[in-house]
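Trainee: Handing you a structure now.
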Protein chains: 4
Amino acid sequence: MAISEKELFAKLSDQAIELPSWAFGNSGTRFRVFGSPGVPRDPFEKIADAAQVHKFSGIAPTVALHYPWDKVDSFADLRKHANDLGVELGTINSNTFQDEEYKLGSLAHRDPKVRQRAIDHHFDCIDVMHETGSRDLKIWLADGSNYPGQDDLRARQDNLADSLAKIYARIGDNQRLVLEYKFFEPAFYHTDVPDWGTAYAQVSALGEKAVVCLDTGHHAPGTNIEFIVMQLLRLGKLGSFDFNSRFYADDDLIVGAADPFQLFRIMYEVIRGGGYGGGSGVAFMLDP
Amino acid sequence: MAISEKELFAKLSDQAIELPSWAFGNSGTRFRVFGSPGVPRDPFEKIADAAQVHKFSGIAPTVALHYPWDKVDSFADLRKHANDLGVELGTINSNTFQDEEYKLGSLAHRDPKVRQRAIDHHFDCIDVMHETGSRDLKIWLADGSNYPGQDDLRARQDNLADSLAKIYARIGDNQRLVLEYKFFEPAFYHTDVPDWGTAYAQVSALGEKAVVCLDTGHHAPGTNIEFIVMQLLRLGKLGSFDFNSRFYADDDLIVGAADPFQLFRIMYEVIRGGGYGGGSGVAFMLDP
Amino acid sequence: MAISEKELFAKLSDQAIELPSWAFGNSGTRFRVFGSPGVPRDPFEKIADAAQVHKFSGIAPTVALHYPWDKVDSFADLRKHANDLGVELGTINSNTFQDEEYKLGSLAHRDPKVRQRAIDHHFDCIDVMHETGSRDLKIWLADGSNYPGQDDLRARQDNLADSLAKIYARIGDNQRLVLEYKFFEPAFYHTDVPDWGTAYAQVSALGEKAVVCLDTGHHAPGTNIEFIVMQLLRLGKLGSFDFNSRFYADDDLIVGAADPFQLFRIMYEVIRGGGYGGGSGVAFMLDP
Amino acid sequence: MAISEKELFAKLSDQAIELPSWAFGNSGTRFRVFGSPGVPRDPFEKIADAAQVHKFSGIAPTVALHYPWDKVDSFADLRKHANDLGVELGTINSNTFQDEEYKLGSLAHRDPKVRQRAIDHHFDCIDVMHETGSRDLKIWLADGSNYPGQDDLRARQDNLADSLAKIYARIGDNQRLVLEYKFFEPAFYHTDVPDWGTAYAQVSALGEKAVVCLDTGHHAPGTNIEFIVMQLLRLGKLGSFDFNSRFYADDDLIVGAADPFQLFRIMYEVIRGGGYGGGSGVAFMLDP
């Protein structure tokens, strides 16, 4: 299939890549976080940096926020700040792994009080979304366990379904609940949403506004990721990507760095399956 | 939870393990099949050997057949032979990997003629099931591709859905279609049913009499298998097990040989999830 | 081979398990470190906790230190404190991953000044060893790179050999240099000592007082660890173990938690290969 | 570093890729070997096909033989046949996996009679090498075990060392013994030469004419292969490559098919490390 240079560039311009605010902060490993000079000190500075990327690239028009990392006094102000710089606020990412209460889980926790706390946190996120004009509430859970027998796998799955249903009931008409799966880490025995099958079963039980987020670094060694892309598109449940790259675990390297041919194969399935471009409903996010 | 010795033995007696006829033949690797003295020469001798196992163990009351490997002139005679020896004929396993036509697939093949051939083969299997009194038609597919771009992943998935629907329409009231998934091999780039999520999506589209077979050796390295057991039981779609053991790939070692603790964790979820014992609808098959 | 209960207990008493001081501190993942009440506040309290374990178990007579985490004004005082509580100070573990200078490596770094800094740090560790009466200097390196092309693999290996030779020259007559290997993490593209082969090649170039540390969690998925145990014992280069357990990556779970049968197979090779008990020269350390 | 087109083509012409005779036969999986029309019927036809490849490519001047698969009445005739068609006979590959006696191993077998049989087979191969003018005797062993406890890992390693020493003593002045390692398969619990470290330790004990063969498909998932290339070149022990490609296990796909960027990284280390071109002593073989 031949394509002209003009068509190619038009096609590339259709691409919209969401930048996560936290990508502009320092990051690292459990051994050490090395600092860099010039790192943004608050959400406003992060958005200014992201806007700069969009200014130079033209394909990064939105910035994802992490709540409460990016909590500000006024999200209306933050939105205006973004718009003034030429970008929009995008996906709201919840946090269920930093509170002392979440040591043994959040939405899947055995204690209904902890679950309610985590559900309330997502209600807060939905409130923020109304202020920021965000479409997607992305839920990545650190929930899981570290040892066999530590908790009841089945009860946790049912708890999770129940918690998600409560959050889903609050999702607005133009909003979506996006559930991300991850093979392992920070939990080292089981995670409550370890694979696309679990994410698919959970969001299917919720309804049309619930979809799956595929993080390219969240699979077992050897997994054929483009097959999953194809399958989720076929089933109408691919909501978004977290693009990054890996050699070993969830290494969070720059997308395409470890295996550019794999990225090509993924993109091929995205385009063939109707997941490419603004109108497709599939969001692209970098997650380095 | 304490359990008396008597209760324990009663519990163990509830177990019914199906033996596959082909386990009594020679097996090996792509490098060589080493022969053993005394190996059965035909299906009647295989069943006699299996019956001997049941005689000594008391927990192997059924024998699975592979069609056409176990084709005989009269399945009524074979059934009578089995019954005379104290066992029943069990699951019928189809074969879609030995004909020249299946080089590039069977139920998912791009050529409708090849697909029809494979569908017809399953119709034959269903006919056999009526003669043998078998409940389960087990479908393990060698379908897949060896190189990226060799075929259309999505079209194959749709072909597969279509083929399965035709077979399912022929399944009797007391019969089940059991779809097995496998991570890789013999295809080395993609398999058309690589994971439980795909098997689940396919059987869910068929109906209540379609369920999933979990082969304990068919997963990516590190996969938490007991989680999948829990999930399939929770979703009402765990139909049967192929029990074996592995260190590396689909090694087909004797179940429990590589990681007995994993087998314990799997059994724990089976029992908790209601998948244990004759009445549960979950069949146990050894597949060494 | 039958063994009497008395012999068995005598055999078990031969075991000496070294406890690392840092096991008594809080630990966690890159996502969060959850605190526990009663965690020791300084090296003296860590040693008191370790001594308590020895008091109850009778098989944990030494405590490994991490330098500079366990730096105190007087190591003679710390040693006396340990002795008073019934334990000895053991292995000294160096740290080459926490200083800003070590962002791109330490003993293998391309900059000779950074390498010298890391060498000097090991000289300090050797000085401490003379005060604590420690036999082993254990070197685990975070050295590596995150992207292909980021640095020169071969030059780094030569740098490492050169740095180790300088450290080795300072090792006392009754001391050993113990080099640990690790498959990945914190570096995500390459580590400078990724496998036993590299550790073996490096310590063989140094001399008899240089040996290898095998951390049971530092291998690729599927690796037959007991084979490596056998091989290193056969080659006379197994110096010590870091015992822990894993399902996925370097999960650092409690030894035996994930696969107790693997631990049995490892111990079987240890005993057969002459690596068991105080006189064997093979140190057992827990590293949860 | 800029390079002119002329220099680039000269560099490419330095490349000499050895073709294995068996690559021109039918191959397949344990499930089925599918035939192709026009497949050579004997060693003479295989060499004619290989010569055709050299005629068109100019970079495949030698053909590796497998003994006894390629046994002919006169190797002098086969050599003349090859020379007449413009190619040379290359590496001789031994076979230690097809005889009934080798079911439990060959050079590492516990029975000295079986070991002697395998040693004698290698003596035969060396005789053939003198007739064919081959430099390299390549030893890939299927030796290993399928279950823990099936055999004595250490004794097998010592047996192997002893067998290799006897073969090495017969190697001619201009010949080399090339030992290949493989992670697993056909043995599913342990292989006697599973990794580069073992191959390195074994060939180092033999002498200068013993080197290692690196098959790009014979590693654990995630292994950094270019690191091993660098290390073996650094240690002066990289003898040859078997080039192929894999997604899962030893898939034997066409080299570069699964991960072309990995092939680039490997080649980069080959060239930097002095392993490229006819004079380097490193043989390139395709092994699809």
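We name chains A, B, ... following the order of the structure tokens; residues begin at 1 in each chain, and ligands are numbered from 1 as shown.
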Per residue of chain D within 8 Å of chain B, note the shortest atom pair and the distance in Å to one decimal, counting only C-alpha atoms, and order the rows by chain and increasing residue number, as a tab-separated table.
Mentor:
residue	atom	partner	partner_atom	distance
D:Gly28	CA	B:Arg30	CA	7.7
D:Thr29	CA	B:Arg30	CA	5.6
D:Arg30	CA	B:Arg30	CA	4.1
D:Phe31	CA	B:Pro186	CA	7.0
D:Arg32	CA	B:Gln98	CA	6.2
D:Phe34	CA	B:Glu100	CA	6.9
D:Phe97	CA	B:Phe31	CA	7.1
D:Gln98	CA	B:Arg32	CA	6.3
D:Glu100	CA	B:Phe34	CA	6.9
D:Lys103	CA	B:Phe34	CA	7.0
D:Asn146	CA	B:Leu253	CA	7.7
D:Tyr147	CA	B:Ala257	CA	7.1
D:Pro148	CA	B:Ala258	CA	8.0
D:Phe184	CA	B:Tyr248	CA	7.3
D:Pro186	CA	B:Thr29	CA	6.2
D:Phe188	CA	B:Asp251	CA	6.1
D:Tyr189	CA	B:Phe247	CA	6.4
D:Arg246	CA	B:Phe188	CA	7.6
D:Phe247	CA	B:Tyr189	CA	6.4
D:Tyr248	CA	B:Phe188	CA	6.9
D:Ala249	CA	B:Ala249	CA	7.1
D:Asp251	CA	B:Phe188	CA	6.1
D:Leu253	CA	B:Asn146	CA	7.7
D:Ala257	CA	B:Tyr147	CA	7.1
D:Ala258	CA	B:Tyr147	CA	7.6
Trainee: Take the selection from the previous step and output its residues with N, CA, C and O atoms, as a tab-separated table (two decimals), in the first residue's frame.
Mentor:
chain	number	residue	atom	x	y	z
D	28	GLY	N	10.41	-28.80	11.38
D	28	GLY	CA	9.09	-28.62	11.95
D	28	GLY	C	9.14	-28.67	13.45
D	28	GLY	O	10.17	-28.38	14.06
D	29	THR	N	8.01	-29.04	14.04
D	29	THR	CA	7.90	-29.07	15.49
D	29	THR	C	7.63	-30.50	15.94
D	29	THR	O	7.50	-31.40	15.12
D	30	ARG	N	7.52	-30.68	17.24
D	30	ARG	CA	7.18	-32.02	17.73
D	30	ARG	C	5.79	-32.45	17.27
D	30	ARG	O	5.45	-33.62	17.31
D	31	PHE	N	4.98	-31.48	16.83
D	31	PHE	CA	3.62	-31.82	16.42
D	31	PHE	C	3.56	-32.34	14.98
D	31	PHE	O	2.81	-33.23	14.67
D	32	ARG	N	4.40	-31.74	14.13
D	32	ARG	CA	4.42	-32.20	12.75
D	32	ARG	C	5.56	-31.54	11.98
D	32	ARG	O	5.89	-30.38	12.21
D	34	PHE	N	6.15	-30.43	8.30
D	34	PHE	CA	5.48	-30.25	7.01
D	34	PHE	C	6.54	-30.30	5.90
D	34	PHE	O	7.61	-29.68	6.01
D	97	PHE	N	22.10	-37.25	19.95
D	97	PHE	CA	20.72	-37.30	20.46
D	97	PHE	C	19.82	-38.26	19.70
D	97	PHE	O	18.64	-38.32	19.99
D	98	GLN	N	20.35	-38.99	18.75
D	98	GLN	CA	19.44	-39.82	17.96
D	98	GLN	C	19.56	-41.31	18.23
D	98	GLN	O	18.69	-42.07	17.83
D	100	GLU	N	19.49	-44.71	20.39
D	100	GLU	CA	18.75	-45.24	21.55
D	100	GLU	C	19.60	-45.11	22.83
D	100	GLU	O	19.08	-44.81	23.90
D	103	LYS	N	19.53	-41.85	25.28
D	103	LYS	CA	18.28	-41.40	25.93
D	103	LYS	C	18.56	-40.58	27.19
D	103	LYS	O	17.87	-39.60	27.47
D	146	ASN	N	15.29	-34.64	32.96
D	146	ASN	CA	13.93	-34.09	32.93
D	146	ASN	C	13.30	-33.88	34.29
D	146	ASN	O	12.32	-33.15	34.41
D	147	TYR	N	13.87	-34.51	35.32
D	147	TYR	CA	13.30	-34.38	36.66
D	147	TYR	C	14.41	-34.20	37.69
D	147	TYR	O	15.47	-34.84	37.57
D	148	PRO	N	14.18	-33.36	38.69
D	148	PRO	CA	15.14	-33.25	39.79
D	148	PRO	C	15.39	-34.62	40.40
D	148	PRO	O	14.45	-35.37	40.64
D	184	PHE	N	17.63	-24.79	27.61
D	184	PHE	CA	16.82	-25.98	27.85
D	184	PHE	C	16.40	-26.57	26.51
D	184	PHE	O	16.58	-25.93	25.49
D	186	PRO	N	16.37	-30.51	24.41
D	186	PRO	CA	15.23	-31.36	24.73
D	186	PRO	C	15.09	-31.71	26.21
D	186	PRO	O	14.04	-32.22	26.58
D	188	PHE	N	14.28	-30.99	30.05
D	188	PHE	CA	13.37	-29.99	30.61
D	188	PHE	C	13.61	-29.66	32.09
D	188	PHE	O	12.91	-28.85	32.66
D	189	TYR	N	14.57	-30.34	32.71
D	189	TYR	CA	14.91	-29.91	34.07
D	189	TYR	C	16.29	-29.24	34.06
D	189	TYR	O	16.43	-28.09	34.47
D	246	ARG	N	14.05	-15.52	17.95
D	246	ARG	CA	13.07	-16.16	18.83
D	246	ARG	C	12.14	-15.14	19.47
D	246	ARG	O	12.56	-14.02	19.79
D	247	PHE	N	10.90	-15.57	19.71
D	247	PHE	CA	9.99	-14.82	20.57
D	247	PHE	C	9.84	-15.49	21.94
D	247	PHE	O	9.63	-14.82	22.93
D	248	TYR	N	9.93	-16.81	21.99
D	248	TYR	CA	9.55	-17.54	23.20
D	248	TYR	C	10.65	-18.47	23.71
D	248	TYR	O	11.18	-18.26	24.78
D	249	ALA	N	10.96	-19.51	22.93
D	249	ALA	CA	11.93	-20.51	23.38
D	249	ALA	C	13.02	-20.58	22.30
D	249	ALA	O	13.48	-19.54	21.84
D	251	ASP	N	13.01	-20.92	19.14
D	251	ASP	CA	12.03	-20.95	18.05
D	251	ASP	C	12.66	-21.17	16.68
D	251	ASP	O	11.98	-21.53	15.73
D	253	LEU	N	13.59	-19.14	14.38
D	253	LEU	CA	13.11	-18.29	13.28
D	253	LEU	C	14.29	-17.68	12.54
D	253	LEU	O	15.44	-17.74	13.01
D	257	ALA	N	14.30	-11.73	12.57
D	257	ALA	CA	12.86	-11.67	12.34
D	257	ALA	C	12.09	-11.18	13.56
D	257	ALA	O	11.12	-10.45	13.44
D	258	ALA	N	12.52	-11.55	14.74
D	258	ALA	CA	11.75	-11.21	15.95
D	258	ALA	C	12.18	-9.86	16.51
D	258	ALA	O	11.36	-9.09	16.99
Trainee: Within 9 Å of segment 223-237 of chain C, counting only C-alpha atoms, which residues show up once you throw out same-chain ones fewer than 2 positions away? Write them as a PyMOL selection string, please.
Mentor: (chain B and resi 247-248) or (chain C and resi 196+200+203-204+208+210-214+216+219-221+239+262-263+265-270+272-275) or (chain D and resi 153-154+157-158+183+189-192+194+198+201+220)
Trainee: Could you please write out, as a compact mmCIF listing (two decimals) with all heavy atoms, in the first residue's frame, every residue of segment 6-36 of chain A that DSSP assigns to strand (DSSP E or B)?
Mentor:
# COMPACT_ATOMS: atom_id res chain seq x y z
N ILE A 17 -0.67 12.85 21.57
CA ILE A 17 0.01 12.14 22.65
C ILE A 17 -0.12 12.92 23.94
O ILE A 17 0.27 14.09 24.02
CB ILE A 17 1.50 11.92 22.29
CG1 ILE A 17 1.59 11.02 21.05
CG2 ILE A 17 2.25 11.31 23.47
CD1 ILE A 17 2.95 10.94 20.45
N GLU A 18 -0.68 12.26 24.94
CA GLU A 18 -0.86 12.92 26.23
C GLU A 18 0.41 12.76 27.06
O GLU A 18 0.97 11.67 27.15
CB GLU A 18 -2.06 12.27 26.95
CG GLU A 18 -2.49 13.01 28.19
CD GLU A 18 -3.94 12.73 28.55
OE1 GLU A 18 -4.84 12.93 27.69
OE2 GLU A 18 -4.19 12.28 29.67
N LEU A 19 0.83 13.86 27.66
CA LEU A 19 2.02 13.81 28.51
C LEU A 19 1.59 13.79 29.97
O LEU A 19 0.73 14.56 30.38
CB LEU A 19 2.91 15.02 28.27
CG LEU A 19 3.44 15.17 26.85
CD1 LEU A 19 4.28 16.45 26.74
CD2 LEU A 19 4.28 13.97 26.45
N PRO A 20 2.17 12.92 30.77
CA PRO A 20 1.81 12.90 32.19
C PRO A 20 2.62 13.93 32.95
O PRO A 20 3.84 14.06 32.75
CB PRO A 20 2.20 11.48 32.62
CG PRO A 20 3.27 11.05 31.67
CD PRO A 20 3.12 11.85 30.41
N GLY A 28 13.09 7.49 39.65
CA GLY A 28 14.22 6.64 39.96
C GLY A 28 13.76 5.25 40.33
O GLY A 28 12.69 4.81 39.93
N VAL A 33 16.51 7.93 43.95
CA VAL A 33 15.98 8.87 42.97
C VAL A 33 17.04 9.95 42.78
O VAL A 33 17.37 10.67 43.71
CB VAL A 33 14.65 9.49 43.45
CG1 VAL A 33 14.20 10.57 42.49
CG2 VAL A 33 13.58 8.41 43.59
Trainee: So that I can check the surroundings of Ala283 of chain B, please list as JSON, numbers by chain every protein, DNA and RNA residue that reaches within 12 Å of it, counting only C-alpha atoms and ignoring chain neighbours fewer than 5 positions away.
Mentor: {"B": [14, 15, 16, 17, 18, 19, 60, 61, 62, 63, 64, 90, 91, 135, 136, 137, 138, 176, 178, 211, 212, 213, 214, 215, 238, 239, 240, 241, 242, 243, 270, 275, 276, 277, 278]}
Trainee: Among segment 65-165 of chain C, which ones does DSSP assign to helix (DSSP H, G or I) (computed from the backbone)? Answer as JSON, numbers by chain.
Mentor: {"C": [75, 76, 77, 78, 79, 80, 81, 82, 83, 84, 100, 101, 102, 103, 104, 112, 113, 114, 115, 116, 117, 118, 119, 120, 121, 122, 123, 124, 125, 126, 127, 128, 129, 130, 131, 132, 153, 154, 155, 156, 157, 158, 159, 160, 161, 162, 163, 164, 165]}
Trainee: Got a sec: who's within 8 Å of Pro43 of chain B, counting only C-alpha atoms, leaving out chain neighbours fewer than 2 positions off, as a VMD selection string?
Mentor: chain B and resid 21 40 to 41 45 to 47 70 to 72 78
Trainee: Write the selection just made, keeping N, CA and C atoms, as a tab-separated table (two decimals), in the first residue's frame?
Mentor:
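File written: part-v3.tsv
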chain	number	residue	atom	x	y	z
B	21	SER	N	-5.70	-41.12	26.48
B	21	SER	CA	-5.22	-42.36	25.84
B	21	SER	C	-3.78	-42.21	25.36
B	40	PRO	N	1.18	-49.71	24.27
B	40	PRO	CA	-0.02	-50.20	23.60
B	40	PRO	C	0.05	-49.96	22.08
B	41	ARG	N	-0.53	-50.91	21.35
B	41	ARG	CA	-0.47	-50.83	19.89
B	41	ARG	C	-1.73	-50.28	19.27
B	45	GLU	N	-5.83	-51.43	23.52
B	45	GLU	CA	-4.76	-51.67	24.50
B	45	GLU	C	-4.50	-50.44	25.38
B	46	LYS	N	-4.65	-49.25	24.79
B	46	LYS	CA	-4.48	-48.04	25.60
B	46	LYS	C	-5.52	-48.00	26.72
B	47	ILE	N	-6.73	-48.35	26.37
B	47	ILE	CA	-7.80	-48.33	27.38
B	47	ILE	C	-7.57	-49.40	28.43
B	70	ASP	N	-7.41	-42.18	17.86
B	70	ASP	CA	-8.06	-43.34	18.49
B	70	ASP	C	-9.25	-43.84	17.66
B	71	LYS	N	-9.22	-43.55	16.38
B	71	LYS	CA	-10.32	-43.99	15.52
B	71	LYS	C	-10.36	-45.52	15.48
B	72	VAL	N	-11.55	-46.03	15.66
B	72	VAL	CA	-11.72	-47.50	15.57
B	72	VAL	C	-12.95	-47.76	14.69
B	78	LEU	N	-15.60	-50.10	21.42
B	78	LEU	CA	-14.57	-49.53	22.30
B	78	LEU	C	-15.17	-49.16	23.66
Trainee: Env of segment 126-133 of chain C: 9 Å cut, atoms = only C-alpha atoms, seq-sep filter 6 positions within chain, self excluded. Answer as a list in words.
Mentor: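 Answer for this query is Tyr67, Ser74, Phe75, Ala76, Leu78, Arg79, Glu88, Leu89, Gly90, Thr91, Ile92, Ile167, Arg170, Ile171, Gly172 and Gln175 of chain C.
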Trainee: Just how far from atom CA of Gln202 of chain C is atom CA of Leu286 of chain C, in Å to one decimal?
Mentor: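 Between atom CA of Leu286 of chain C and atom CA of Gln202 of chain C the gap works out to 24.4 Å.
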Trainee: Suppose you want the space between atom CA of Leu85 of chain C and atom CA of Leu177 of chain C; what is it in Å?
Mentor: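 That distance, rounded to one decimal, is 27.6 Å.
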Trainee: Would you work out the distance separating atom CA of Ser163 of chain C from atom CA of Ala23 of chain C, expressed in Å to one decimal?
Mentor: 28.7 Å
